[in-house]
Each structure stands twice: as C-alpha cells, then as structure tokens.
Amino acid sequence: MVVQVQIVIIYSPQDIAARDALSAALRKAGADAWYDAVSQAKEQAFTAFRREARSRSIVLALLTREALESAWVKRQLALIHEVYQREPNRLLLALSAQRGGAGDLATGEWLRDYRQIEMAQARLSAEVIERTVQLLTLSAARNVAQAVDTLEDMVTRGKVLLAYQSYEEAVQAFRRAVQLEAASFVAWFSLGYVLGRLYRWEEALEAYERALALMPNHSGGWNNKGEALYNLRRYQLALAAYERAIELDAAYAVAWNDRGVVRYALKDPRLALADYERAIALDADYAAPWSNRGVVSNDAGRQREALAAFDRALNIDPRYAAAWNNRGNAQSDLRRYGKALDDYDRALALDPDYASAHYNKGNALYSLRRYRQAVASYDRALRAEPSNTAAWINKGAAQYELREYDEALTVYNRALTLDANSLAAWQGKALTLRAMRRTSEAADAERRARELGG
C-alpha cells in the first residue's frame, strides 16, 4: 500500500500564491498537503486546523514577514507548540529568512523546535520549494546514513520515514541519532514511538524510560510509557504512568482518554467513562474518547447511544478506522449484519491489516451463514494476530458448518495449544469429532468441556 505523507501548511493570507506553489509541488510529489480555507469563519477554520494538526505528522510553516506579524499564524504556531511539547515525534519545518527571526519572545519559543529551510529575501523561490520537496521525499530519507550526518539530519530523516510508515527504516535512523547524541530526548522519544508502531513494546518501553531519564517531567513521555505498559498488559503500571502524565499536565486530553482505556481493561467502566468525559470536556473535537464512550455504551447494551457516539467520532475524523470497526460491532449487536459489513469494510479500506476488523467481519459473515467468506476473514485476522484464540475457534466453527471436519479439528487443536482451558474450543472439538464418528475421542472432549463448566 502506498502511503501519502500527511502535511499541514501554516501561512498568512498575504502568502496565498506562495502557499499554492508549495502545496502544488508537494502534491505532485505524492504528499497530502492541507491548509485552512481563508473563506471560513475564524473559529470554524481554527477547529478544522486543530483537527488536522492533531492527525498529521508534518507541519510546514511558511514564515514570511507578513506571517510572523499575523495574529492568526501566531495562534496556529501556539497550538502546534502545545501539541509538539507532548508529541515530539512530529516533524516541524519552517521556511523562513533566518533563524530566530521572530519579532517577539513567544513566537521565538514556538519556533525553537522547527528545522529551518532558509528563504532568501524571505520569499519562496523555486529552489526553496525543490529543497523542501526533496527533504520530504521518501527516497531521499532512505539514503544510507554516513558518519558525517548530524543529529538533526538523522532525527529529520527518521521523522520523514515515520510519516511514510517506513517503520523499520525509521528505527535505524533514530538508533543512529541516539548513537550520535545519547542525551537527545527527542531521538529516544521518537525511537519509542516508532517501536510502538511495530508492536515491539518491550523495546518501546526501554526507549521511553531512556527519554524520561533525560526529561523526567515530560507528560508525553509518561503517557507513551503508559501505552507501552498497557500493550504489555501491565495494567496497574500503565495506570500509574497515565496518572503521572495527568499530574504533570491536567489539560492533556489524550492522557485522560488513555487512562480511561486502561481503567476499562481493569473492568471499571464507570471510572473509564468519567475519564472519557473529561477528555471530551478538554477537547470536544478529539475523536478517540467519543469512540471509546461508544464502546462503553455498546458493551452495556445501549447500542443506539453507542452509534451516536461513534457517529460523532467519525464526523470529527472520517479516517478513524477504530471508530468504523466499533460502529460495525454496534450494528452487529443490533443484528444489522449488512450495515456492520459496510462499517468493517470502511475500517479495512483505511487499514487493510486491521486484525480486529477482519475478525469482526468474519463474525458478521458467519451470522449471515456466509461461511466460506467468514473463513477468509478469520484467516486475514490470524495473519496479523496468530495468537488470537477466538479467531481460531470461530474459524473452526465456520469450517464445521462447511463440513470440513478435518480442517476444523486442526483449527480447534491449534486454539487449544493457545488456551488449553478454552470451553468453546473443547465444545467445538467435541462436535467435530462426533461428526467424524470418532466417538471415544468425542466423549473425552465432552468430558473436558463439562469439567470446564460446559
């Protein structure tokens, strides 16, 4: 799958022609370049900007003299600064006349973390556009690192590779960065972030701990350490990490949402819901807590309330695959299997390797007695998550319905190697052995199921 790098452009209304030239070159190179519409009302435009800035990994600020004097641009730079302080894995680029050219201390602070691309006479030229596009080109980022590379070079390269989801290559770049400068918080944090995208959570945790040793009061570092611990199923430690993030930054909506997720995993939906509500109160245009609130409602049997929450999440971010998947689950629980399949397909169009969506799609197809297609969906889920016991069991059930008993028995046995005490696997195995007229073995499987409470 070809990944489009996602860029947001900051510019002043006086620089529309330069913005158009820059965005056209980026789009020609295959990037998805977004900028706010001048025609929108200010608050509507800022809401859209905040939404896009949250989801896009690269910020490109066109800082002409007019832009540096613009209250609108300063408002955007302030928001980017707030996001970057929590998420320094993002790449910030400034096209400007000279470093430190901001006219006030606040703007200078906001621009401190930007990599500069210098513009002669503070105007955008074809040569500057070419250098910018080259910096953001995947092939350029893939150049083999040389000993003369600087820390800034390697961090920039890693962030570009990360934006293209070239995660293994990004790991190499960030590892080179920490070799060059072991005291670089941004390099360690970014390394942890990309390792998390590869589900290498132990390594990610180690990188975040190295980052936090350098900057112990970084709320984003604690939040992302919590993410690694959560995915390692160390829920109490994850909870403590999220609480530290919130203690350091009480306005950090992501940390409130993430603490809700771990509280839900700890079987406390009431406290989880309170955290989701707090995240929404801090940032009503943040899709994740709306979707998670929908999960709580759906699991409580309030499917219509859940659908409203999922719809709100998708109105905020139509590219949010998890919300489409969760919406499909609510439709399935209402036995609207056709609509559920539509939602799962929307999730998979956004993320073709989304294991949970493949599994849930398989369940919906099974409910529609489309067993052959269900098996194919379970296979896609198992390709990404081979230890998913439920997917093995449900695949076995579909193959049983197809009277593929040999295959079903193999699948149930695979499930039992993952969970020897799975009641559903023993029951499925017993039914399959009965169908195969292997009476003695079926009786043994039935006895084991009874021992487990079946």
# chains A, B, ... in the order shown; residues from 1 in each chain; ligands from 1
>>> residues_around(residues="A:Pro13", least_positions_apart="4", cutoff="12 Å", atoms="only C-alpha atoms", output="list of chain:residue names")
A:Ala17, A:Ala18, A:Arg19, A:Asp20, A:Tyr35, A:Asp36, A:Ala37, A:Val38, A:Ser39, A:Leu62, A:Leu63, A:Thr64, A:Arg65, A:Glu66, A:Ala67, A:Leu68, A:Glu69, A:Ser70, A:Ala71, A:Trp72, A:Val73
>>> residues_around(residues="stretch 403-408 of chain A", least_positions_apart="3", cutoff="10 Å", atoms="only C-alpha atoms", output="PyMOL selection string")
chain A and resi 392-400+411-414+428-429+431-436
>>> residues_around(residues="A:Tyr264", least_positions_apart="5", cutoff="12 Å", atoms="only C-alpha atoms", output="list in words")
Tyr230, Tyr235, Gln236, Leu239, Asn257, Asp258, Arg259, Pro269, Arg270, Leu271, Ala272, Leu273, Ala274, Asp275, Tyr276, Asn292, Arg293, Val295, Val296 and Asp299 of chain A
>>> residues_around(residues="A:Gln331", least_positions_apart="4", cutoff="12 Å", atoms="only C-alpha atoms", output="list of chain:residue names")
A:Asn298, A:Gly301, A:Arg302, A:Gln303, A:Arg304, A:Glu305, A:Ala306, A:Leu307, A:Ala308, A:Phe310, A:Trp324, A:Asn325, A:Asn326, A:Arg327, A:Arg335, A:Arg336, A:Tyr337, A:Gly338, A:Lys339, A:Ala340, A:Leu341, A:Asp342, A:Asp343, A:Tyr344, A:Asn360, A:Lys361, A:Ala364
>>> write_last_selection(atoms="C-alpha atoms", output="CSV table (one decimal), in the first residue's frame")
chain,number,residue,atom,x,y,z
A,298,ASN,CA,-22.3,-0.7,23.4
A,301,GLY,CA,-26.3,-2.9,25.7
A,302,ARG,CA,-27.1,0.7,24.8
A,303,GLN,CA,-26.4,0.2,21.0
A,304,ARG,CA,-28.3,3.3,19.8
A,305,GLU,CA,-26.5,5.5,22.2
A,306,ALA,CA,-23.2,3.9,21.1
A,307,LEU,CA,-24.0,4.5,17.5
A,308,ALA,CA,-24.5,8.2,18.2
A,310,PHE,CA,-19.4,6.5,17.0
A,324,TRP,CA,-15.7,2.4,11.9
A,325,ASN,CA,-14.8,-1.0,13.5
A,326,ASN,CA,-16.6,-0.2,16.7
A,327,ARG,CA,-19.6,1.1,14.9
A,335,ARG,CA,-28.3,-7.8,14.1
A,336,ARG,CA,-27.8,-5.4,11.3
A,337,TYR,CA,-25.1,-7.5,9.7
A,338,GLY,CA,-25.2,-5.9,6.3
A,339,LYS,CA,-24.6,-2.5,7.8
A,340,ALA,CA,-22.0,-3.9,10.0
A,341,LEU,CA,-20.1,-5.3,7.0
A,342,ASP,CA,-20.2,-1.9,5.4
A,343,ASP,CA,-18.6,-0.4,8.5
A,344,TYR,CA,-15.9,-3.1,8.7
A,360,ASN,CA,-15.4,-8.9,13.4
A,361,LYS,CA,-16.2,-9.0,9.7
A,364,ALA,CA,-20.8,-10.9,10.8
>>> closest_atom_pairs(of="stretch 29-103 of chain A", to="stretch 148-155 of chain A", cutoff="12 Å", atoms="only C-alpha atoms", output="Markdown table")
| residue | atom | partner | partner_atom | distance |
| --- | --- | --- | --- | --- |
| A:Pro88 | CA | A:Val155 | CA | 10.6 |
| A:Asn89 | CA | A:Val155 | CA | 9.1 |
| A:Arg90 | CA | A:Val155 | CA | 10.2 |
| A:Leu91 | CA | A:Val155 | CA | 8.8 |
| A:Leu92 | CA | A:Val155 | CA | 11.2 |
| A:Leu93 | CA | A:Glu152 | CA | 11.8 |
>>> residues_around(residues="A:Leu138", least_positions_apart="3", cutoff="7 Å", atoms="only C-alpha atoms", output="list in words")
Ala141, Arg142 and Leu161 of chain A
>>> residues_around(residues="A:Asp283", least_positions_apart="2", cutoff="12 Å", atoms="only C-alpha atoms", output="list in words")
Thr47, Arg50, Arg51, Arg54, Ala251, Tyr252, Ala253, Val254, Ala255, Trp256, Asn257, Tyr276, Glu277, Arg278, Ala279, Ile280, Ala281, Asp285, Tyr286, Ala287, Ala288, Pro289, Trp290 and Ile316 of chain A
>>> write_last_selection(atoms="N, CA and C atoms", output="PDB file, in the first residue's frame")
ATOM      1  N   THR A  47     -10.998  25.320  14.250  1.00  0.00           N
ATOM      2  CA  THR A  47     -11.411  23.959  14.619  1.00  0.00           C
ATOM      3  C   THR A  47     -10.893  22.953  13.602  1.00  0.00           C
ATOM      4  N   ARG A  50      -7.097  22.630  14.029  1.00  0.00           N
ATOM      5  CA  ARG A  50      -6.744  21.828  15.199  1.00  0.00           C
ATOM      6  C   ARG A  50      -6.923  20.341  14.911  1.00  0.00           C
ATOM      7  N   ARG A  51      -7.999  20.008  14.214  1.00  0.00           N
ATOM      8  CA  ARG A  51      -8.278  18.610  13.873  1.00  0.00           C
ATOM      9  C   ARG A  51      -7.185  18.049  12.962  1.00  0.00           C
ATOM     10  N   ARG A  54      -3.684  17.728  14.648  1.00  0.00           N
ATOM     11  CA  ARG A  54      -3.591  16.584  15.548  1.00  0.00           C
ATOM     12  C   ARG A  54      -3.255  15.306  14.793  1.00  0.00           C
ATOM     13  N   ALA A 251      -4.471  19.349  31.569  1.00  0.00           N
ATOM     14  CA  ALA A 251      -5.251  19.666  30.364  1.00  0.00           C
ATOM     15  C   ALA A 251      -4.945  18.721  29.206  1.00  0.00           C
ATOM     16  N   TYR A 252      -4.252  17.624  29.460  1.00  0.00           N
ATOM     17  CA  TYR A 252      -3.788  16.684  28.446  1.00  0.00           C
ATOM     18  C   TYR A 252      -4.908  15.687  28.137  1.00  0.00           C
ATOM     19  N   ALA A 253      -5.730  16.015  27.132  1.00  0.00           N
ATOM     20  CA  ALA A 253      -6.912  15.199  26.825  1.00  0.00           C
ATOM     21  C   ALA A 253      -6.533  13.760  26.457  1.00  0.00           C
ATOM     22  N   VAL A 254      -5.431  13.582  25.748  1.00  0.00           N
ATOM     23  CA  VAL A 254      -5.017  12.233  25.345  1.00  0.00           C
ATOM     24  C   VAL A 254      -4.739  11.362  26.562  1.00  0.00           C
ATOM     25  N   ALA A 255      -4.097  11.921  27.574  1.00  0.00           N
ATOM     26  CA  ALA A 255      -3.790  11.143  28.774  1.00  0.00           C
ATOM     27  C   ALA A 255      -5.062  10.753  29.519  1.00  0.00           C
ATOM     28  N   TRP A 256      -6.038  11.652  29.590  1.00  0.00           N
ATOM     29  CA  TRP A 256      -7.317  11.301  30.216  1.00  0.00           C
ATOM     30  C   TRP A 256      -7.993  10.165  29.451  1.00  0.00           C
ATOM     31  N   ASN A 257      -7.993  10.262  28.130  1.00  0.00           N
ATOM     32  CA  ASN A 257      -8.593   9.194  27.323  1.00  0.00           C
ATOM     33  C   ASN A 257      -7.867   7.865  27.542  1.00  0.00           C
ATOM     34  N   TYR A 276     -13.210   9.440  29.883  1.00  0.00           N
ATOM     35  CA  TYR A 276     -13.562   9.808  28.509  1.00  0.00           C
ATOM     36  C   TYR A 276     -14.311  11.137  28.494  1.00  0.00           C
ATOM     37  N   GLU A 277     -15.210  11.315  29.444  1.00  0.00           N
ATOM     38  CA  GLU A 277     -15.972  12.567  29.514  1.00  0.00           C
ATOM     39  C   GLU A 277     -15.040  13.758  29.793  1.00  0.00           C
ATOM     40  N   ARG A 278     -14.039  13.516  30.643  1.00  0.00           N
ATOM     41  CA  ARG A 278     -13.084  14.589  30.936  1.00  0.00           C
ATOM     42  C   ARG A 278     -12.279  14.941  29.699  1.00  0.00           C
ATOM     43  N   ALA A 279     -11.872  13.925  28.930  1.00  0.00           N
ATOM     44  CA  ALA A 279     -11.128  14.178  27.692  1.00  0.00           C
ATOM     45  C   ALA A 279     -11.972  14.982  26.715  1.00  0.00           C
ATOM     46  N   ILE A 280     -13.248  14.652  26.608  1.00  0.00           N
ATOM     47  CA  ILE A 280     -14.151  15.368  25.702  1.00  0.00           C
ATOM     48  C   ILE A 280     -14.343  16.809  26.170  1.00  0.00           C
ATOM     49  N   ALA A 281     -14.456  16.999  27.499  1.00  0.00           N
ATOM     50  CA  ALA A 281     -14.612  18.360  28.020  1.00  0.00           C
ATOM     51  C   ALA A 281     -13.388  19.218  27.701  1.00  0.00           C
ATOM     52  N   ASP A 285     -13.331  18.096  20.034  1.00  0.00           N
ATOM     53  CA  ASP A 285     -13.037  17.667  18.667  1.00  0.00           C
ATOM     54  C   ASP A 285     -11.989  16.555  18.615  1.00  0.00           C
ATOM     55  N   TYR A 286     -11.841  15.847  19.694  1.00  0.00           N
ATOM     56  CA  TYR A 286     -10.921  14.718  19.793  1.00  0.00           C
ATOM     57  C   TYR A 286     -11.751  13.439  19.629  1.00  0.00           C
ATOM     58  N   ALA A 287     -11.494  12.703  18.558  1.00  0.00           N
ATOM     59  CA  ALA A 287     -12.380  11.591  18.185  1.00  0.00           C
ATOM     60  C   ALA A 287     -12.298  10.398  19.126  1.00  0.00           C
ATOM     61  N   ALA A 288     -11.104  10.081  19.639  1.00  0.00           N
ATOM     62  CA  ALA A 288     -10.909   8.834  20.388  1.00  0.00           C
ATOM     63  C   ALA A 288     -11.837   8.682  21.593  1.00  0.00           C
ATOM     64  N   PRO A 289     -11.983   9.690  22.473  1.00  0.00           N
ATOM     65  CA  PRO A 289     -12.876   9.487  23.622  1.00  0.00           C
ATOM     66  C   PRO A 289     -14.335   9.329  23.231  1.00  0.00           C
ATOM     67  N   TRP A 290     -14.759   9.951  22.121  1.00  0.00           N
ATOM     68  CA  TRP A 290     -16.126   9.721  21.645  1.00  0.00           C
ATOM     69  C   TRP A 290     -16.310   8.256  21.257  1.00  0.00           C
ATOM     70  N   ILE A 316     -15.881  13.872  13.330  1.00  0.00           N
ATOM     71  CA  ILE A 316     -14.632  14.566  13.640  1.00  0.00           C
ATOM     72  C   ILE A 316     -13.505  14.055  12.747  1.00  0.00           C
TER      73      ILE A 316
END
>>> closest_residue(among="A:Ser356, A:Asn231, A:Gln4, A:Ser377", to="A:Trp201", atoms="only C-alpha atoms")
A:Asn231
>>> residues_around(residues="A:Glu451", least_positions_apart="2", cutoff="12 Å", atoms="only C-alpha atoms", output="PyMOL selection string")
chain A and resi 421-423+426-427+444-449+453-454
>>> select_by_dssp(residues="stretch 37-245 of chain A", states="alpha helix (DSSP H)", output="PyMOL selection string")
chain A and resi 42-55+65-68+71-86+105-110+126-135+138-141+151-163+167-180+185-197+201-214+219-231+235-245
>>> closest_residue(among="A:Ser291, A:Gln373, A:Ser367, A:Thr107", to="A:Leu79", atoms="only C-alpha atoms")
A:Thr107
>>> select_by_dssp(residues="stretch 108-281 of chain A", states="strand (DSSP E or B)", output="PyMOL selection string")
chain A and resi 115-118
>>> write_last_selection(atoms="N, CA and C atoms", output="compact mmCIF listing (two decimals), in the first residue's frame")
# COMPACT_ATOMS: atom_id res chain seq x y z
N ARG A 115 12.85 22.76 12.27
CA ARG A 115 14.04 22.74 11.41
C ARG A 115 13.85 23.80 10.34
N GLN A 116 14.87 24.61 10.13
CA GLN A 116 14.74 25.74 9.21
C GLN A 116 15.18 25.36 7.80
N ILE A 117 14.40 25.83 6.83
CA ILE A 117 14.79 25.85 5.42
C ILE A 117 14.83 27.33 5.04
N GLU A 118 16.02 27.83 4.77
CA GLU A 118 16.19 29.28 4.62
C GLU A 118 15.66 29.77 3.28
>>> atom_distance(atom1="atom CA of A:Val194", atom2="atom CA of A:Glu385")
19.3 Å
